[in-house]
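Pasted below: data_24.pdb, PDB, C-alpha atoms, pLDDT in the B column.
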```pdb
MODEL        1
ATOM      1  CA  MET A1039     165.587 -99.239 236.734  1.00 37.00           C
ATOM      2  CA  ALA A1040     165.189 -95.673 235.464  1.00 41.00           C
ATOM      3  CA  SER A1041     168.174 -94.305 233.613  1.00 45.00           C
ATOM      4  CA  VAL A1042     169.337 -90.804 234.454  1.00 47.00           C
ATOM      5  CA  GLU A1043     172.292 -89.767 232.323  1.00 50.00           C
ATOM      6  CA  PRO A1044     174.304 -86.870 233.719  1.00 46.00           C
ATOM      7  CA  PRO A1045     175.140 -84.219 231.129  1.00 45.00           C
ATOM      8  CA  PRO A1046     178.785 -84.027 230.010  1.00 43.00           C
ATOM      9  CA  GLY A1047     181.005 -82.074 232.387  1.00 40.00           C
ATOM     10  CA  ALA A1048     178.672 -82.430 235.351  1.00 44.00           C
ATOM     11  CA  LEU A1049     180.535 -85.228 237.133  1.00 44.00           C
ATOM     12  CA  THR A1050     182.666 -84.635 240.195  1.00 43.00           C
ATOM     13  CA  GLY A1051     184.601 -86.698 242.718  1.00 43.00           C
ATOM     14  CA  ASN A1052     183.474 -90.323 242.862  1.00 48.00           C
ATOM     15  CA  ARG A1053     181.781 -89.647 239.484  1.00 46.00           C
ATOM     16  CA  ARG A1054     178.789 -88.096 241.255  1.00 53.00           C
ATOM     17  CA  HIS A1055     176.586 -85.740 239.249  1.00 81.00           C
ATOM     18  CA  ARG A1056     176.576 -82.382 241.071  1.00 84.00           C
ATOM     19  CA  ARG A1057     174.460 -79.315 240.303  1.00 91.00           C
ATOM     20  CA  ILE A1058     173.367 -75.970 241.743  1.00 94.00           C
ATOM     21  CA  ALA A1059     169.734 -75.970 242.899  1.00 96.00           C
ATOM     22  CA  TYR A1060     167.405 -73.544 244.698  1.00 97.00           C
ATOM     23  CA  ARG A1061     165.493 -74.382 247.879  1.00 96.00           C
ATOM     24  CA  CYS A1062     162.410 -72.146 247.981  1.00 94.00           C
ATOM     25  CA  ALA A1063     159.805 -71.353 250.647  1.00 91.00           C
ATOM     26  CA  PHE A1064     156.203 -70.472 249.832  1.00 86.00           C
ATOM     27  CA  THR A1065     154.796 -67.077 250.899  1.00 82.00           C
ATOM     28  CA  GLU A1066     151.660 -68.720 252.293  1.00 72.00           C
ATOM     29  CA  PRO A1067     150.162 -72.206 252.614  1.00 63.00           C
ATOM     30  CA  LEU A1068     150.081 -74.084 249.311  1.00 57.00           C
ATOM     31  CA  ALA A1069     146.271 -74.091 249.155  1.00 50.00           C
ATOM     32  CA  HIS A1070     146.364 -70.294 248.749  1.00 46.00           C
ATOM     33  CA  THR A1071     149.289 -69.989 246.334  1.00 51.00           C
ATOM     34  CA  GLY A1072     148.068 -71.859 243.290  1.00 56.00           C
ATOM     35  CA  ALA A1073     151.311 -73.542 242.286  1.00 62.00           C
ATOM     36  CA  PRO A1074     150.629 -75.430 239.024  1.00 62.00           C
ATOM     37  CA  TYR A1075     154.341 -76.216 238.657  1.00 62.00           C
ATOM     38  CA  LEU A1076     154.070 -78.672 241.528  1.00 66.00           C
ATOM     39  CA  VAL A1077     151.471 -80.657 239.587  1.00 64.00           C
ATOM     40  CA  GLU A1078     153.304 -80.331 236.269  1.00 75.00           C
ATOM     41  CA  GLY A1079     156.701 -80.953 237.880  1.00 85.00           C
ATOM     42  CA  ILE A1080     158.378 -78.139 235.908  1.00 90.00           C
ATOM     43  CA  TYR A1081     159.210 -74.642 237.156  1.00 92.00           C
ATOM     44  CA  ARG A1082     158.791 -71.917 234.521  1.00 91.00           C
ATOM     45  CA  ASP A1083     159.725 -68.244 234.341  1.00 91.00           C
ATOM     46  CA  PRO A1084     157.015 -65.524 234.093  1.00 90.00           C
ATOM     47  CA  GLU A1085     157.047 -65.867 230.275  1.00 92.00           C
ATOM     48  CA  GLY A1086     156.396 -69.615 230.524  1.00 90.00           C
ATOM     49  CA  GLU A1087     159.905 -70.731 229.553  1.00 93.00           C
ATOM     50  CA  ARG A1088     161.172 -73.872 231.268  1.00 94.00           C
ATOM     51  CA  ILE A1089     163.630 -73.396 234.165  1.00 95.00           C
ATOM     52  CA  GLY A1090     163.852 -77.026 235.334  1.00 94.00           C
ATOM     53  CA  PRO A1091     162.232 -79.819 237.364  1.00 94.00           C
ATOM     54  CA  VAL A1092     160.592 -79.197 240.742  1.00 91.00           C
ATOM     55  CA  PHE A1093     160.889 -81.432 243.810  1.00 91.00           C
ATOM     56  CA  THR A1094     159.023 -81.501 247.129  1.00 85.00           C
ATOM     57  CA  ASN A1095     159.723 -83.519 250.247  1.00 79.00           C
ATOM     58  CA  GLU A1096     156.706 -82.776 252.444  1.00 75.00           C
ATOM     59  CA  ASP A1097     152.956 -83.249 252.132  1.00 71.00           C
ATOM     60  CA  PRO A1098     151.635 -80.621 251.978  1.00 70.00           C
ATOM     61  CA  PRO A1099     154.835 -78.913 250.880  1.00 77.00           C
ATOM     62  CA  GLU A1100     156.068 -75.769 252.630  1.00 82.00           C
ATOM     63  CA  GLU A1101     159.196 -75.704 250.483  1.00 89.00           C
ATOM     64  CA  PHE A1102     160.179 -76.867 247.031  1.00 91.00           C
ATOM     65  CA  LEU A1103     163.423 -77.389 245.162  1.00 94.00           C
ATOM     66  CA  VAL A1104     164.135 -76.114 241.650  1.00 95.00           C
ATOM     67  CA  LEU A1105     166.904 -77.892 239.750  1.00 95.00           C
ATOM     68  CA  PRO A1106     167.657 -75.531 236.865  1.00 96.00           C
ATOM     69  CA  ASP A1107     168.373 -77.070 233.490  1.00 94.00           C
ATOM     70  CA  GLU A1108     172.083 -76.650 232.777  1.00 91.00           C
ATOM     71  CA  GLU A1109     171.583 -74.299 229.830  1.00 93.00           C
ATOM     72  CA  VAL A1110     169.564 -71.834 231.967  1.00 95.00           C
ATOM     73  CA  PRO A1111     171.767 -69.064 233.437  1.00 96.00           C
ATOM     74  CA  LEU A1112     171.524 -68.924 237.233  1.00 96.00           C
ATOM     75  CA  VAL A1113     170.858 -65.176 237.095  1.00 96.00           C
ATOM     76  CA  HIS A1114     167.731 -65.984 235.033  1.00 97.00           C
ATOM     77  CA  VAL A1115     166.601 -68.533 237.627  1.00 97.00           C
ATOM     78  CA  GLU A1116     167.024 -65.995 240.424  1.00 97.00           C
ATOM     79  CA  ALA A1117     165.139 -63.328 238.446  1.00 97.00           C
ATOM     80  CA  ALA A1118     162.244 -65.764 237.921  1.00 96.00           C
ATOM     81  CA  LEU A1119     162.153 -66.643 241.632  1.00 96.00           C
ATOM     82  CA  ASP A1120     162.315 -62.938 242.577  1.00 96.00           C
ATOM     83  CA  ALA A1121     159.352 -62.238 240.280  1.00 95.00           C
ATOM     84  CA  ASP A1122     157.250 -65.133 241.643  1.00 91.00           C
ATOM     85  CA  HIS A1123     154.850 -63.758 244.275  1.00 87.00           C
ATOM     86  CA  ARG A1124     154.399 -67.290 245.668  1.00 85.00           C
ATOM     87  CA  VAL A1125     158.084 -67.502 246.682  1.00 90.00           C
ATOM     88  CA  ALA A1126     158.841 -65.934 250.065  1.00 93.00           C
ATOM     89  CA  SER A1127     162.549 -66.738 249.985  1.00 95.00           C
ATOM     90  CA  TYR A1128     165.089 -68.954 248.287  1.00 97.00           C
ATOM     91  CA  GLU A1129     168.666 -70.054 248.767  1.00 97.00           C
ATOM     92  CA  GLN A1130     171.217 -71.587 246.462  1.00 97.00           C
ATOM     93  CA  VAL A1131     172.285 -75.100 247.477  1.00 97.00           C
ATOM     94  CA  VAL A1132     174.426 -77.852 245.963  1.00 95.00           C
ATOM     95  CA  GLY A1133     172.640 -81.004 244.860  1.00 95.00           C
ATOM     96  CA  LEU A1134     173.996 -84.511 244.315  1.00 94.00           C
ATOM     97  CA  LEU A1135     171.819 -86.373 241.797  1.00 92.00           C
ATOM     98  CA  PHE A1136     170.944 -90.065 242.008  1.00 91.00           C
ATOM     99  CA  ASP A1137     168.796 -92.494 240.116  1.00 87.00           C
ATOM    100  CA  PRO A1138     165.914 -93.603 242.422  1.00 87.00           C
ATOM    101  CA  GLN A1139     167.201 -97.219 242.319  1.00 86.00           C
ATOM    102  CA  GLU A1140     170.819 -96.266 242.973  1.00 86.00           C
ATOM    103  CA  GLN A1141     172.508 -96.957 246.307  1.00 87.00           C
ATOM    104  CA  VAL A1142     173.307 -93.692 248.099  1.00 89.00           C
ATOM    105  CA  PRO A1143     176.530 -93.433 250.132  1.00 89.00           C
ATOM    106  CA  ALA A1144     175.844 -93.363 253.873  1.00 91.00           C
ATOM    107  CA  GLY A1145     177.435 -89.907 254.304  1.00 91.00           C
ATOM    108  CA  VAL A1146     175.167 -88.416 251.647  1.00 93.00           C
ATOM    109  CA  GLU A1147     172.053 -89.997 253.134  1.00 92.00           C
ATOM    110  CA  GLU A1148     172.951 -88.902 256.677  1.00 94.00           C
ATOM    111  CA  ASN A1149     174.021 -85.338 255.884  1.00 94.00           C
ATOM    112  CA  GLY A1150     171.975 -84.325 252.853  1.00 95.00           C
ATOM    113  CA  GLU A1151     168.355 -83.252 252.544  1.00 95.00           C
ATOM    114  CA  ARG A1152     166.484 -85.688 250.276  1.00 95.00           C
ATOM    115  CA  TRP A1153     164.239 -84.457 247.449  1.00 94.00           C
ATOM    116  CA  ASP A1154     162.520 -87.014 245.180  1.00 91.00           C
ATOM    117  CA  ASN A1155     160.318 -86.446 242.120  1.00 89.00           C
ATOM    118  CA  GLY A1156     159.978 -90.115 241.179  1.00 86.00           C
ATOM    119  CA  GLU A1157     162.442 -89.896 238.281  1.00 88.00           C
ATOM    120  CA  LEU A1158     165.406 -88.413 240.090  1.00 91.00           C
ATOM    121  CA  VAL A1159     166.567 -88.070 243.706  1.00 93.00           C
ATOM    122  CA  VAL A1160     168.543 -85.003 244.791  1.00 95.00           C
ATOM    123  CA  TYR A1161     170.380 -84.671 248.100  1.00 96.00           C
ATOM    124  CA  THR A1162     171.105 -81.018 248.893  1.00 96.00           C
ATOM    125  CA  PHE A1163     173.937 -79.470 250.881  1.00 96.00           C
ATOM    126  CA  GLU A1164     174.741 -75.932 251.968  1.00 95.00           C
ATOM    127  CA  SER A1165     178.125 -75.901 250.234  1.00 92.00           C
ATOM    128  CA  ASP A1166     180.166 -77.634 247.575  1.00 88.00           C
ATOM    129  CA  ASP A1167     182.655 -78.800 250.225  1.00 89.00           C
ATOM    130  CA  GLU A1168     179.869 -80.439 252.272  1.00 91.00           C
ATOM    131  CA  ALA A1169     178.580 -82.248 249.187  1.00 89.00           C
ATOM    132  CA  LEU A1170     182.017 -83.548 248.270  1.00 86.00           C
ATOM    133  CA  GLU A1171     182.889 -84.646 251.833  1.00 88.00           C
ATOM    134  CA  ALA A1172     179.573 -86.495 252.227  1.00 89.00           C
ATOM    135  CA  GLN A1173     180.462 -88.803 249.338  1.00 84.00           C
ATOM    136  CA  TYR A1174     183.401 -90.381 251.203  1.00 80.00           C
TER
ENDMDL
END
```
Show me the file's structure as structure tokens.
Amino acid sequence: MASVEPPPGALTGNRRHRRIAYRCAFTEPLAHTGAPYLVEGIYRDPEGERIGPVFTNEDPPEEFLVLPDEEVPLVHVEAALDADHRVASYEQVVGLLFDPQEQVPAGVEENGERWDNGELVVYTFESDDEALEAQY
């Protein structure tokens, strides 16, 4: 079983690791965008600095999820997404993080959107309240 340790201070109700993430839509089909971060699995700013892991949930993907590393200011993430010509739009969402082998509560599975990168599974919700309610 893979071990995903939540950073200190990131646990919420029911000890679930909760983070802000960004759901992003491509400007055009993936074949035309040239998105190396999907292959590498890491989203980077225009200067090449790491923002955080990338997730997709479709093949071929029309959207992707960026889970910013906790030390990266959200304003920096948004500036990087604004500067990326491949990103048509993005929205801030709340993600609940799970180990791929971990059992997911039924409410989370039913109400969240699943994103999986093989090392971590993120279920996204439109609001913090929705994410918390889904856990119970």
Take the PyMOL selection byres ((chain A and resi 1145-1147) around 10), run it mentally on this structure, and tell me the resulting residues as an MDAnalysis selection string. chainID A and resid 1134 1141:1144 1148:1152 1161:1163 1168:1174
Enclose stretch 1161-1164 of chain A, meaning all of its atoms listed in the file, in a box aligned along x, y and z, pad it by 4 Å on each side, and list the centre and edge lengths in Å to one decimal, as AutoDock Vina command-line options.
```
--center_x 172.6 --center_y -80.3 --center_z 250.0 --size_x 12.4 --size_y 16.7 --size_z 11.9
```
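Our summary of the geometry notes that atom CA of A:Leu1135 is positioned 10.0 Å from atom CA of A:Leu1105.
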What is the distance between atom CA of A:Arg1124 and atom CA of A:Ile1058, in Å to one decimal?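 Computing the Euclidean distance for atom CA of A:Arg1124 and atom CA of A:Ile1058 yields 21.2 Å.
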What do you get, as a compact mmCIF listing (two decimals) with C-alpha atoms, keeping the file's coordinate frame, if you spell out every residue that the PyMOL selection byres ((chain A and resi 1090) around 12) selects here?
```
# COMPACT_ATOMS: atom_id res chain seq x y z
CA ARG A 1057 174.46 -79.32 240.30
CA ILE A 1058 173.37 -75.97 241.74
CA ALA A 1059 169.73 -75.97 242.90
CA TYR A 1060 167.40 -73.54 244.70
CA TYR A 1075 154.34 -76.22 238.66
CA LEU A 1076 154.07 -78.67 241.53
CA GLU A 1078 153.30 -80.33 236.27
CA GLY A 1079 156.70 -80.95 237.88
CA ILE A 1080 158.38 -78.14 235.91
CA TYR A 1081 159.21 -74.64 237.16
CA ARG A 1082 158.79 -71.92 234.52
CA ASP A 1083 159.72 -68.24 234.34
CA GLY A 1086 156.40 -69.61 230.52
CA GLU A 1087 159.90 -70.73 229.55
CA ARG A 1088 161.17 -73.87 231.27
CA ILE A 1089 163.63 -73.40 234.16
CA PRO A 1091 162.23 -79.82 237.36
CA VAL A 1092 160.59 -79.20 240.74
CA PHE A 1093 160.89 -81.43 243.81
CA LEU A 1103 163.42 -77.39 245.16
CA VAL A 1104 164.14 -76.11 241.65
CA LEU A 1105 166.90 -77.89 239.75
CA PRO A 1106 167.66 -75.53 236.86
CA ASP A 1107 168.37 -77.07 233.49
CA GLU A 1108 172.08 -76.65 232.78
CA GLU A 1109 171.58 -74.30 229.83
CA VAL A 1110 169.56 -71.83 231.97
CA PRO A 1111 171.77 -69.06 233.44
CA LEU A 1112 171.52 -68.92 237.23
CA HIS A 1114 167.73 -65.98 235.03
CA VAL A 1115 166.60 -68.53 237.63
CA ALA A 1118 162.24 -65.76 237.92
```
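Note that atom CA of A:Arg1061 and atom CA of A:Asn1095 are 11.1 Å apart.
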Using all atoms listed in the file, the residue out of A:Glu1101, A:Cys1062, A:Gln1130, A:Thr1094 with shortest distance to A:Val1159 is A:Thr1094
Measuring between all atoms listed in the file, which one of A:Asp1166, A:Glu1066, A:Phe1136, A:Val1131 shows the shortest distance to A:Pro1099?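 Closest to A:Pro1099, using all atoms listed in the file: A:Glu1066.
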For each of A:Glu1096, A:Val1160, A:Gly1133, A:Thr1065, take the minimum atom-to-atom distance to A:Asp1120, counting all atoms listed in the file, then give the residue where this is smallest. A:Thr1065
